[in-house]
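Data block for input-v4.cif (mmCIF, C-alpha atoms):
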data_protein
loop_
_atom_site.label_atom_id
_atom_site.label_comp_id
_atom_site.auth_asym_id
_atom_site.auth_seq_id
_atom_site.Cartn_x
_atom_site.Cartn_y
_atom_site.Cartn_z
CA MET A 1 250.39 61.20 26.39
CA PHE A 2 247.14 62.42 27.86
CA LYS A 3 246.00 59.33 29.64
CA LYS A 4 246.46 60.94 33.01
CA PHE A 5 246.36 64.65 32.64
CA SER A 6 244.76 67.20 34.88
CA PRO A 7 245.07 70.89 34.15
CA ALA A 8 245.48 71.76 37.82
CA THR A 9 248.66 69.76 38.33
CA ASP A 10 250.11 69.14 34.90
CA ILE A 11 250.09 72.57 33.35
CA ALA A 12 253.17 74.62 34.07
CA GLY A 13 251.95 77.80 32.46
CA HIS A 14 250.31 79.61 29.59
CA THR A 15 252.46 81.85 27.46
CA PRO A 16 251.53 83.72 24.31
CA VAL A 17 253.77 82.68 21.44
CA LYS A 18 255.98 85.25 19.74
CA THR A 19 254.85 86.08 16.24
CA SER A 20 258.15 85.02 14.74
CA VAL A 21 257.79 81.64 16.39
CA GLN A 22 254.18 81.51 15.30
CA ARG A 23 255.31 81.95 11.74
CA GLN A 24 257.69 79.04 12.11
CA ILE A 25 254.97 76.88 13.62
CA ARG A 26 252.57 77.79 10.86
CA ALA A 27 255.09 76.82 8.23
CA ALA A 28 255.85 73.56 10.02
CA VAL A 29 252.19 72.67 10.32
CA LEU A 30 251.59 73.43 6.67
CA SER A 31 254.46 71.20 5.64
CA GLN A 32 253.51 68.35 7.96
CA TRP A 33 249.79 68.19 7.34
CA LYS A 34 247.89 68.12 4.11
CA ILE A 35 246.06 71.30 4.90
CA GLU A 36 245.47 74.32 2.73
CA PRO A 37 246.71 77.64 4.11
CA GLU A 38 243.15 78.98 3.89
CA THR A 39 241.73 76.21 5.99
CA LEU A 40 244.43 76.63 8.57
CA GLU A 41 243.62 80.31 8.56
CA ALA A 42 240.01 79.44 9.40
CA VAL A 43 241.10 77.25 12.30
CA TRP A 44 243.83 79.53 13.50
CA PRO A 45 243.38 83.09 12.23
CA LYS A 46 246.54 85.18 12.05
CA LYS A 47 244.97 87.78 14.26
CA GLU A 48 244.34 85.31 17.06
CA GLY A 49 247.49 84.76 18.99
CA LEU A 50 248.55 81.23 19.67
CA VAL A 51 248.95 80.33 23.32
CA HIS A 52 251.52 77.82 24.36
CA VAL A 53 250.34 75.64 27.22
CA LYS A 54 253.34 74.00 28.71
CA CYS A 55 252.69 70.65 30.31
CA ARG A 56 254.84 68.22 32.20
CA GLU A 57 257.11 65.81 30.38
CA HIS A 58 257.84 68.23 27.56
CA VAL A 59 254.36 68.13 26.12
CA SER A 60 253.23 71.43 24.66
CA VAL A 61 249.66 72.09 23.75
CA TYR A 62 248.89 75.07 21.55
CA THR A 63 245.56 76.74 21.95
CA VAL A 64 243.61 79.32 20.01
CA ASN A 65 240.95 81.08 22.04
CA SER A 66 241.82 78.63 24.82
CA GLU A 67 240.72 75.72 22.65
CA PRO A 68 243.50 73.22 22.08
CA VAL A 69 244.34 72.97 18.39
CA PHE A 70 247.50 70.92 18.25
CA PHE A 71 250.17 69.54 20.49
CA GLN A 72 253.71 68.43 20.36
CA HIS A 73 256.20 66.36 22.30
CA PHE A 74 259.67 67.92 22.64
CA ASP A 75 260.09 69.52 19.23
CA GLY A 76 258.63 66.57 17.39
CA PRO A 77 255.87 66.72 14.82
CA PHE A 78 252.62 68.51 15.50
CA TYR A 79 249.60 66.37 16.24
CA PRO A 80 246.19 67.85 15.62
CA THR A 81 243.70 67.37 18.41
CA LEU A 82 240.97 64.85 17.73
CA ARG A 83 238.28 67.48 17.59
CA LEU A 84 240.19 69.28 14.85
CA LEU A 85 240.80 66.03 13.05
CA HIS A 86 237.10 65.24 13.10
CA LYS A 87 236.42 68.53 11.38
CA TYR A 88 239.12 68.14 8.75
CA PRO A 89 239.76 64.41 8.43
CA TYR A 90 241.83 64.68 5.26
CA ILE A 91 244.78 66.50 6.81
CA LEU A 92 246.51 63.31 7.93
CA PRO A 93 247.13 59.97 6.24
CA LYS A 94 244.83 57.28 7.54
CA VAL A 95 245.32 53.86 8.96
CA GLN A 96 242.48 51.67 10.11
CA VAL A 97 242.35 49.16 12.92
CA ASP A 98 239.93 46.28 13.27
CA ARG A 99 236.98 46.29 15.59
CA GLY A 100 238.68 44.22 18.25
CA ALA A 101 241.33 46.86 18.72
CA ILE A 102 238.97 49.75 19.43
CA ARG A 103 238.48 48.69 23.00
CA PHE A 104 242.19 48.77 23.69
CA LEU A 105 242.72 51.96 21.79
CA LEU A 106 240.10 53.66 23.93
CA ALA A 107 242.06 52.53 26.96
CA GLY A 108 245.12 54.25 25.55
CA ALA A 109 247.09 51.29 24.19
CA HIS A 110 249.49 51.59 21.30
CA MET A 111 248.33 49.94 18.10
CA MET A 112 249.99 46.66 17.23
CA CYS A 113 250.64 45.45 13.71
CA PRO A 114 248.11 42.58 13.63
CA GLY A 115 245.26 44.99 14.36
CA LEU A 116 246.14 46.92 11.23
CA THR A 117 246.93 44.02 8.93
CA SER A 118 243.93 41.84 9.80
CA GLN A 119 240.75 41.81 7.80
CA GLY A 120 239.12 44.73 9.50
CA GLY A 121 242.23 46.87 9.44
CA ARG A 122 243.46 48.80 6.48
CA LEU A 123 246.83 50.14 5.47
CA PRO A 124 247.48 52.21 2.39
CA PRO A 125 248.70 50.25 -0.67
CA ALA A 126 252.40 49.99 -1.42
CA GLU A 127 252.52 52.99 -3.72
CA GLU A 128 251.15 55.27 -0.99
CA ALA A 129 253.16 53.74 1.82
CA ILE A 130 253.50 55.84 4.96
CA PRO A 131 257.05 56.09 6.28
CA ALA A 132 257.95 55.55 9.92
CA GLU A 133 257.68 58.48 12.35
CA GLN A 134 254.73 60.02 10.57
CA VAL A 135 251.66 61.42 12.28
CA VAL A 136 248.61 59.43 11.25
CA ALA A 137 244.91 59.42 11.98
CA ILE A 138 243.73 56.14 13.45
CA HIS A 139 240.36 55.14 12.11
CA ALA A 140 238.36 52.07 13.04
CA GLU A 141 236.53 49.37 11.20
CA ASN A 142 233.00 50.38 10.15
CA LYS A 143 233.38 53.79 11.76
CA GLU A 144 233.31 57.10 10.05
CA HIS A 145 235.37 59.25 12.37
CA ALA A 146 238.86 58.92 13.70
CA VAL A 147 239.39 57.41 17.15
CA GLY A 148 242.94 58.48 17.68
CA VAL A 149 246.04 60.27 16.53
CA GLY A 150 249.34 58.47 16.53
CA LEU A 151 252.85 58.24 15.26
CA THR A 152 253.90 55.33 13.06
CA LYS A 153 256.80 53.36 14.45
CA LEU A 154 257.32 51.32 11.30
CA SER A 155 256.69 52.13 7.70
CA THR A 156 253.42 50.62 6.49
CA GLU A 157 255.30 48.17 4.28
CA ASP A 158 257.28 46.96 7.27
CA MET A 159 254.07 46.57 9.23
CA LYS A 160 252.80 44.20 6.59
CA LYS A 161 256.08 42.30 6.52
CA ILE A 162 256.96 42.08 10.20
CA ASN A 163 253.39 42.00 11.50
CA LYS A 164 254.46 42.06 15.13
CA GLY A 165 254.83 44.61 17.85
CA VAL A 166 253.93 48.27 18.01
CA ALA A 167 252.95 49.79 14.70
CA VAL A 168 251.41 53.09 15.72
CA GLU A 169 252.14 54.83 18.96
CA THR A 170 248.94 56.40 20.24
CA ALA A 171 249.32 60.06 21.14
CA ALA A 172 245.72 61.04 21.74
CA TYR A 173 242.56 59.02 21.63
CA LEU A 174 238.85 59.41 22.12
CA GLY A 175 238.05 59.86 25.78
CA ASP A 176 241.50 60.74 27.04
CA ASP A 177 241.99 63.73 29.26
CA LEU A 178 242.78 66.08 26.40
CA TRP A 179 239.48 65.10 24.84
CA ALA A 180 237.71 65.66 28.12
CA HIS A 181 238.97 69.24 28.38
CA GLN A 182 237.52 71.33 25.63
CA LYS A 183 239.19 74.39 27.03
CA LEU A 184 242.61 74.73 28.50
CA MET B 185 223.64 90.27 -11.54
CA GLY B 186 220.69 90.46 -9.19
CA ARG B 187 218.11 89.62 -11.86
CA LYS B 188 220.11 86.79 -13.24
CA ASN B 189 220.51 85.26 -9.86
CA ARG B 190 216.87 85.36 -9.01
CA GLY B 191 216.14 82.75 -11.63
CA GLN B 192 219.09 80.65 -10.63
CA SER B 193 218.79 80.94 -6.93
CA PRO B 194 217.53 77.45 -5.96
CA PRO B 195 220.31 75.47 -7.68
CA ARG B 196 222.88 77.97 -6.46
CA GLN B 197 221.93 77.50 -2.89
CA ALA B 198 222.25 73.80 -3.20
CA ALA B 199 225.60 74.05 -4.92
CA ALA B 200 226.94 76.73 -2.65
CA ALA B 201 227.72 74.36 0.16
CA ALA B 202 229.60 71.91 -2.03
CA ALA B 203 231.48 74.12 -4.45
CA PRO B 204 230.98 77.85 -4.54
CA ALA B 205 232.90 78.04 -7.84
CA ASP B 206 230.08 76.29 -9.74
CA GLY B 207 227.42 78.85 -8.99
CA GLU B 208 229.74 81.74 -9.62
CA ALA B 209 230.74 80.59 -13.11
CA GLY B 210 227.58 82.06 -14.68
CA SER B 211 228.22 85.59 -13.48
CA SER B 212 231.91 85.09 -14.29
CA SER B 213 233.24 87.99 -12.27
CA LEU B 214 236.94 87.53 -11.73
CA GLN B 215 236.87 88.68 -8.18
CA ALA B 216 234.29 86.15 -7.21
CA GLN B 217 236.37 83.37 -8.69
CA ALA B 218 239.45 84.46 -6.85
CA GLU B 219 237.44 84.35 -3.67
CA ALA B 220 236.16 80.91 -4.47
CA VAL B 221 239.70 79.58 -4.85
CA LYS B 222 240.76 80.99 -1.53
CA GLU B 223 237.69 79.76 0.30
CA PRO B 224 238.68 77.50 3.19
CA THR B 225 237.25 74.03 3.15
CA PRO B 226 234.27 74.01 5.46
CA PRO B 227 234.70 71.80 8.49
CA ILE B 228 232.71 68.64 8.87
CA THR B 229 230.36 68.94 11.76
CA VAL B 230 230.44 65.83 13.83
CA MET B 231 227.55 65.17 16.11
CA TYR B 232 228.76 64.35 19.57
CA CYS B 233 226.81 62.50 22.19
CA ALA B 234 225.68 64.82 24.96
CA VAL B 235 226.06 62.07 27.53
CA CYS B 236 229.50 60.65 26.87
CA SER B 237 230.88 63.35 24.51
CA PHE B 238 232.02 60.76 21.95
CA PRO B 239 230.94 60.82 18.33
CA LEU B 240 227.66 58.89 18.21
CA GLU B 241 229.13 55.81 16.63
CA TYR B 242 231.52 55.34 19.55
CA CYS B 243 228.91 55.45 22.29
CA GLU B 244 228.93 51.68 22.38
CA PHE B 245 232.48 51.78 23.68
CA GLY B 246 231.74 54.33 26.36
CA SER B 247 230.69 53.65 29.90
CA SER B 248 227.14 54.94 29.64
CA LEU B 249 225.65 53.19 26.63
CA THR B 250 222.16 52.87 28.05
CA ARG B 251 221.91 56.54 28.82
CA CYS B 252 223.47 57.47 25.47
CA LYS B 253 220.85 55.37 23.74
CA GLU B 254 218.01 56.99 25.62
CA TRP B 255 219.33 60.43 24.87
CA LEU B 256 219.76 59.77 21.18
CA LYS B 257 216.33 58.24 20.87
CA GLU B 258 214.78 61.43 22.17
CA GLU B 259 217.13 63.70 20.29
CA ASN B 260 217.17 62.18 16.85
CA GLU B 261 215.14 59.07 16.05
CA GLU B 262 216.65 58.68 12.61
CA LEU B 263 220.20 58.48 13.83
CA TYR B 264 219.12 56.19 16.61
CA ASN B 265 217.80 53.77 14.06
CA LYS B 266 220.99 54.06 12.10
CA TYR B 267 223.16 52.99 14.99
CA TYR B 268 220.97 50.81 17.17
CA SER B 269 218.34 49.20 14.96
CA GLU B 270 218.19 45.42 14.72
CA GLU B 271 219.88 45.34 11.35
CA ALA B 272 222.74 47.53 12.45
CA LEU B 273 223.31 45.35 15.47
CA GLN B 274 223.12 42.24 13.35
CA ALA B 275 225.72 43.59 10.97
CA LYS B 276 228.01 44.28 13.86
CA ILE B 277 227.64 40.86 15.38
CA GLY B 278 228.40 39.29 12.03
CA THR B 279 232.02 40.34 12.29
CA LEU B 280 232.54 38.87 15.74
CA SER B 281 232.40 35.38 17.12
CA LEU B 282 229.62 34.62 19.56
CA GLU B 283 232.00 34.12 22.42
CA ALA B 284 233.72 37.43 21.87
CA GLN B 285 230.32 39.09 21.59
CA THR B 286 229.09 37.85 24.95
CA LYS B 287 232.37 38.83 26.54
CA LEU B 288 232.12 42.29 25.09
CA GLU B 289 228.59 42.67 26.34
CA LYS B 290 229.60 41.59 29.79
CA ASP B 291 232.47 44.02 29.77
CA THR B 292 230.23 46.85 28.71
CA ALA B 293 227.76 46.10 31.47
CA LYS B 294 230.54 45.95 34.00
CA LYS B 295 232.03 49.19 32.82
CA GLU B 296 228.68 50.85 32.98
CA ALA B 297 228.09 49.72 36.54
CA LYS B 298 231.52 50.93 37.51
CA ALA B 299 231.02 54.34 35.97
CA GLU B 300 227.69 54.69 37.68
CA ALA B 301 229.14 53.85 41.05
CA LYS B 302 231.88 56.37 40.47
CA ALA B 303 229.41 59.08 39.52
CA ASP B 304 227.36 58.27 42.61
CA ALA B 305 230.38 58.53 44.85
CA ALA B 306 231.33 61.86 43.29
CA LEU B 307 227.83 63.22 43.82
CA LYS B 308 227.80 62.09 47.43
CA LYS B 309 231.13 63.70 48.02
CA LYS B 310 229.87 66.89 46.51
CA LEU B 311 226.82 66.91 48.73
CA ALA B 312 228.85 66.19 51.81
CA SER B 313 231.58 68.75 51.19
CA THR B 314 231.30 72.05 52.96
CA VAL B 315 232.34 75.58 52.23
CA THR B 316 233.90 77.41 55.13
CA ILE B 317 234.04 81.15 55.36
CA LYS B 318 236.67 82.03 57.86
CA ARG B 319 237.24 85.41 59.41
CA ILE B 320 240.86 85.76 60.33
CA GLU B 321 242.03 88.55 62.54
CA ARG B 322 245.09 90.35 61.29
CA THR B 323 245.38 93.13 63.82
CA LYS B 324 242.86 94.06 66.45
CA ARG B 325 240.45 95.70 64.07
CA LYS B 326 241.50 94.40 60.68
CA HIS B 327 240.44 91.11 59.22
CA VAL B 328 240.73 88.98 56.15
CA THR B 329 238.16 86.48 55.01
CA ALA B 330 239.24 83.09 53.74
CA ILE B 331 236.75 81.04 51.73
CA HIS B 332 237.60 77.43 51.41
CA GLY B 333 236.00 74.49 49.61
CA LEU B 334 234.41 76.21 46.63
CA GLU B 335 236.21 74.04 44.09
CA ALA B 336 234.11 71.04 45.13
CA PHE B 337 231.16 72.77 43.49
CA SER B 338 233.11 73.24 40.27
CA ILE B 339 233.58 76.95 40.73
CA ASP B 340 236.60 78.51 39.10
CA LEU B 341 238.47 79.97 42.08
CA LYS B 342 240.34 82.57 40.08
CA LYS B 343 237.18 83.92 38.52
CA ALA B 344 235.40 83.84 41.84
CA ALA B 345 238.24 85.78 43.47
CA LYS B 346 238.10 88.35 40.72
CA GLN B 347 234.38 88.73 41.15
CA LEU B 348 234.69 89.18 44.89
CA ALA B 349 237.49 91.68 44.46
CA GLY B 350 235.33 93.70 42.12
CA ARG B 351 232.34 93.45 44.33
CA PHE B 352 233.99 94.61 47.52
CA ALA B 353 236.61 96.82 45.91
CA THR B 354 239.31 95.10 47.89
CA GLY B 355 242.08 92.67 47.17
CA ALA B 356 241.10 89.05 46.70
CA SER B 357 243.41 86.26 45.72
CA VAL B 358 243.68 82.52 45.44
CA THR B 359 246.29 81.21 47.85
CA LYS B 360 247.34 77.88 49.20
CA ASN B 361 246.56 77.44 52.86
CA ALA B 362 248.56 75.50 55.42
CA GLN B 363 247.18 72.18 54.18
CA GLY B 364 248.22 73.00 50.63
CA LEU B 365 244.64 73.49 49.46
CA ASP B 366 243.50 76.45 47.45
CA GLU B 367 241.31 79.04 49.03
CA ILE B 368 240.18 82.54 48.30
CA VAL B 369 241.40 85.25 50.62
CA VAL B 370 239.51 88.53 50.58
CA GLN B 371 240.73 91.56 52.44
CA GLY B 372 238.40 92.89 55.07
CA ASP B 373 235.67 91.27 57.04
CA VAL B 374 233.14 90.34 54.39
CA SER B 375 231.98 86.97 55.66
CA ASP B 376 228.31 87.92 55.93
CA GLU B 377 228.29 89.47 52.49
CA VAL B 378 229.96 86.43 50.99
CA LEU B 379 227.34 84.23 52.59
CA GLU B 380 224.66 86.39 51.06
CA ILE B 381 226.27 86.17 47.63
CA LEU B 382 226.49 82.41 47.89
CA GLU B 383 222.87 82.26 48.89
CA LYS B 384 221.81 84.28 45.88
CA GLY B 385 224.25 82.57 43.54
CA GLU B 386 225.64 85.73 41.98
CA GLY B 387 227.90 85.42 38.95
CA VAL B 388 230.15 82.40 39.05
CA LEU B 389 229.35 81.61 42.67
CA LYS B 390 226.46 79.36 41.80
CA GLY B 391 225.26 75.99 42.92
CA VAL B 392 226.40 75.94 46.51
CA PRO B 393 223.70 74.63 48.85
CA ILE B 394 223.50 77.16 51.62
CA ASP B 395 223.27 74.52 54.33
CA ASN B 396 226.79 73.47 53.50
CA VAL B 397 228.26 76.87 54.23
CA GLN B 398 229.69 77.61 57.63
CA ILE B 399 231.11 80.77 59.05
CA VAL B 400 234.06 80.30 61.35
CA GLU B 401 236.01 82.84 63.29
CA ASP B 402 239.72 82.51 63.71
CA LYS B 403 241.18 84.70 66.41
CA LYS B 404 244.85 85.21 66.96
CA LYS B 405 246.23 83.19 69.82
CA LYS B 406 245.80 84.75 73.22
CA ALA B 407 249.45 84.16 74.10
CA GLU B 408 250.55 86.78 71.63
CA SER B 409 248.40 89.58 72.84
#

Just give me the structure as structure tokens.
Amino acid sequence: MFKKFSPATDIAGHTPVKTSVQRQIRAAVLSQWKIEPETLEAVWPKKEGLVHVKCREHVSVYTVNSEPVFFQHFDGPFYPTLRLLHKYPYILPKVQVDRGAIRFLLAGAHMMCPGLTSQGGRLPPAEEAIPAEQVVAIHAENKEHAVGVGLTKLSTEDMKKINKGVAVETAAYLGDDLWAHQKL
Amino acid sequence: MGRKNRGQSPPRQAAAAAAPADGEAGSSSLQAQAEAVKEPTPPITVMYCAVCSFPLEYCEFGSSLTRCKEWLKEENEELYNKYYSEEALQAKIGTLSLEAQTKLEKDTAKKEAKAEAKADAALKKKLASTVTIKRIERTKRKHVTAIHGLEAFSIDLKKAAKQLAGRFATGASVTKNAQGLDEIVVQGDVSDEVLEILEKGEGVLKGVPIDNVQIVEDKKKKAES
């Protein structure tokens, strides 16, 4: 999503979000992420207005104090930015890719099933299976912090079974243009 | 409460970061407990590399590993040893085949060279780019001043325009010129003053080498007059 992104050309405008809409967003975020209301309050205080940064191709980035906090495609789920995810890693379910995949992930590739099912990769066990179309944090083998945020295309059980094709669609990754811009 | 705490203070401080509820249990004030429940989880502070901006452990995948290494060695020897000591490297290699390892190393070197060349080219371009201050005649005795090329020196044009507007108490705006490039247009003939400001580097107008600044005059065509 942010592989090629430059604020000068890709941002259509900044608009402050109406409080009623902010309330909706807050509720949606709380239901989608495993985050306590208090922690969200620390990240995004009620007093600080949310600013909607409209980008091309229906990508919306939401910023607090001009720092991007989360983003969204159409009216899909909210993805936290990587910097936020690094601070609060527990808010999203985790998947892990093997070491060989890091290189491709950092070039913006989607994550394929074999990278997650191989020895270095890790998927949650069957009882904690992640359904398809869920926002996940992409971690890497032997690394502490997340490298990317993505959306599962298959449920984790299907990933293990099919073991082919795209498993997690990468939305943001370390070193993309959203990462490069700390302020929008 | 104060006296009680004095005795307890060292363990409390240690516990405070992890779980504020523990320390508070002794004094057992209800309010304090309620606060402890509502306390937001403190964020994890991740140390980012100053060179490539990645978390330290991902420097090896960046395009400036050598510089990252140097920086970290100076900044924090302990962490450097954690990520780049012989043992750490050995452990990493263990998971990869030799062939893949050499390929990866080659790739990294190549990437590094590429990034360096790119940075060089960008620097050269920056040094070569010029700022033009243009005095444009509007009527016989009224002028506007157009300043072009500031963005090459990573100056925020909008902020710069605002500063100039405040400074001269005139209108100043960022507009697209005929070539579709952004420039700052200030009302009135202020070209000499702008030059002076650039020379001194006031406010946001910093970092422009004065030799790269030219003053041009743009008169209306003779045919019209």

Picked residues, the PyMOL selection byres ((chain B and resi 247-260) around 9), as a list of chain:residue names: B:Cys233, B:Ala234, B:Val235, B:Cys236, B:Leu240, B:Cys243, B:Glu244, B:Phe245, B:Gly246, B:Glu261, B:Glu262, B:Leu263, B:Tyr264, B:Asn265, B:Tyr268, B:Thr292, B:Ala293, B:Lys294, B:Lys295, B:Glu296, B:Ala297, B:Lys298, B:Ala299, B:Glu300

Atom CA of Gln398 of chain B to atom CA of Ser375 of chain B, straight-line distance in Å: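 Value for the atom CA of Ser375 of chain B-atom CA of Gln398 of chain B distance: 9.8 Å.
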
Expected answer as a count of residues only: chain A residues within 7 Å of chain B, all atoms listed in the file: 9

Separation of atom CA of Leu154 of chain A from atom CA of Ala167 of chain A, in Å and rounded to one decimal: 5.7 Å

Top pick for closest residue to Gly355 of chain B, considering B:Val388, B:Glu321, B:Val369, B:Leu382 and counting all atoms listed in the file: B:Val369

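Residues in contact with Lys34 of chain A at up to 8 Å, not including ones fewer than 4 positions away on its chain and judged by all atoms listed in the file, are Leu30, Tyr90, Ile91 and Leu92 of chain A.
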
Got a minute to add N, CA and C atoms to segment 22-35 of chain A and dump it as an mmCIF file, in the frame of the given file?
data_model
loop_
_atom_site.group_PDB
_atom_site.id
_atom_site.type_symbol
_atom_site.label_atom_id
_atom_site.label_comp_id
_atom_site.auth_asym_id
_atom_site.auth_seq_id
_atom_site.Cartn_x
_atom_site.Cartn_y
_atom_site.Cartn_z
ATOM 1 N N GLN A 22 255.452 81.926 15.890
ATOM 2 C CA GLN A 22 254.180 81.510 15.300
ATOM 3 C C GLN A 22 254.318 81.249 13.813
ATOM 4 N N ARG A 23 255.102 82.122 13.174
ATOM 5 C CA ARG A 23 255.310 81.950 11.740
ATOM 6 C C ARG A 23 255.987 80.611 11.459
ATOM 7 N N GLN A 24 256.991 80.319 12.272
ATOM 8 C CA GLN A 24 257.690 79.040 12.110
ATOM 9 C C GLN A 24 256.727 77.869 12.290
ATOM 10 N N ILE A 25 255.910 77.963 13.339
ATOM 11 C CA ILE A 25 254.970 76.880 13.620
ATOM 12 C C ILE A 25 254.009 76.711 12.462
ATOM 13 N N ARG A 26 253.532 77.862 11.958
ATOM 14 C CA ARG A 26 252.570 77.790 10.860
ATOM 15 C C ARG A 26 253.183 77.091 9.650
ATOM 16 N N ALA A 27 254.427 77.439 9.369
ATOM 17 C CA ALA A 27 255.090 76.820 8.230
ATOM 18 C C ALA A 27 255.269 75.317 8.468
ATOM 19 N N ALA A 28 255.635 74.977 9.709
ATOM 20 C CA ALA A 28 255.850 73.560 10.020
ATOM 21 C C ALA A 28 254.557 72.780 9.876
ATOM 22 N N VAL A 29 253.479 73.355 10.391
ATOM 23 C CA VAL A 29 252.190 72.670 10.320
ATOM 24 C C VAL A 29 251.777 72.477 8.865
ATOM 25 N N LEU A 30 251.987 73.518 8.071
ATOM 26 C CA LEU A 30 251.590 73.430 6.670
ATOM 27 C C LEU A 30 252.398 72.362 5.933
ATOM 28 N N SER A 31 253.655 72.201 6.341
ATOM 29 C CA SER A 31 254.460 71.200 5.640
ATOM 30 C C SER A 31 254.166 69.793 6.156
ATOM 31 N N GLN A 32 253.723 69.691 7.404
ATOM 32 C CA GLN A 32 253.510 68.350 7.960
ATOM 33 C C GLN A 32 252.127 67.800 7.664
ATOM 34 N N TRP A 33 251.150 68.664 7.582
ATOM 35 C CA TRP A 33 249.790 68.190 7.340
ATOM 36 C C TRP A 33 249.402 68.515 5.901
ATOM 37 N N LYS A 34 248.410 67.797 5.429
ATOM 38 C CA LYS A 34 247.890 68.120 4.110
ATOM 39 C C LYS A 34 246.753 69.107 4.273
ATOM 40 N N ILE A 35 247.099 70.305 4.633
ATOM 41 C CA ILE A 35 246.060 71.300 4.900
ATOM 42 C C ILE A 35 246.346 72.534 4.067
#
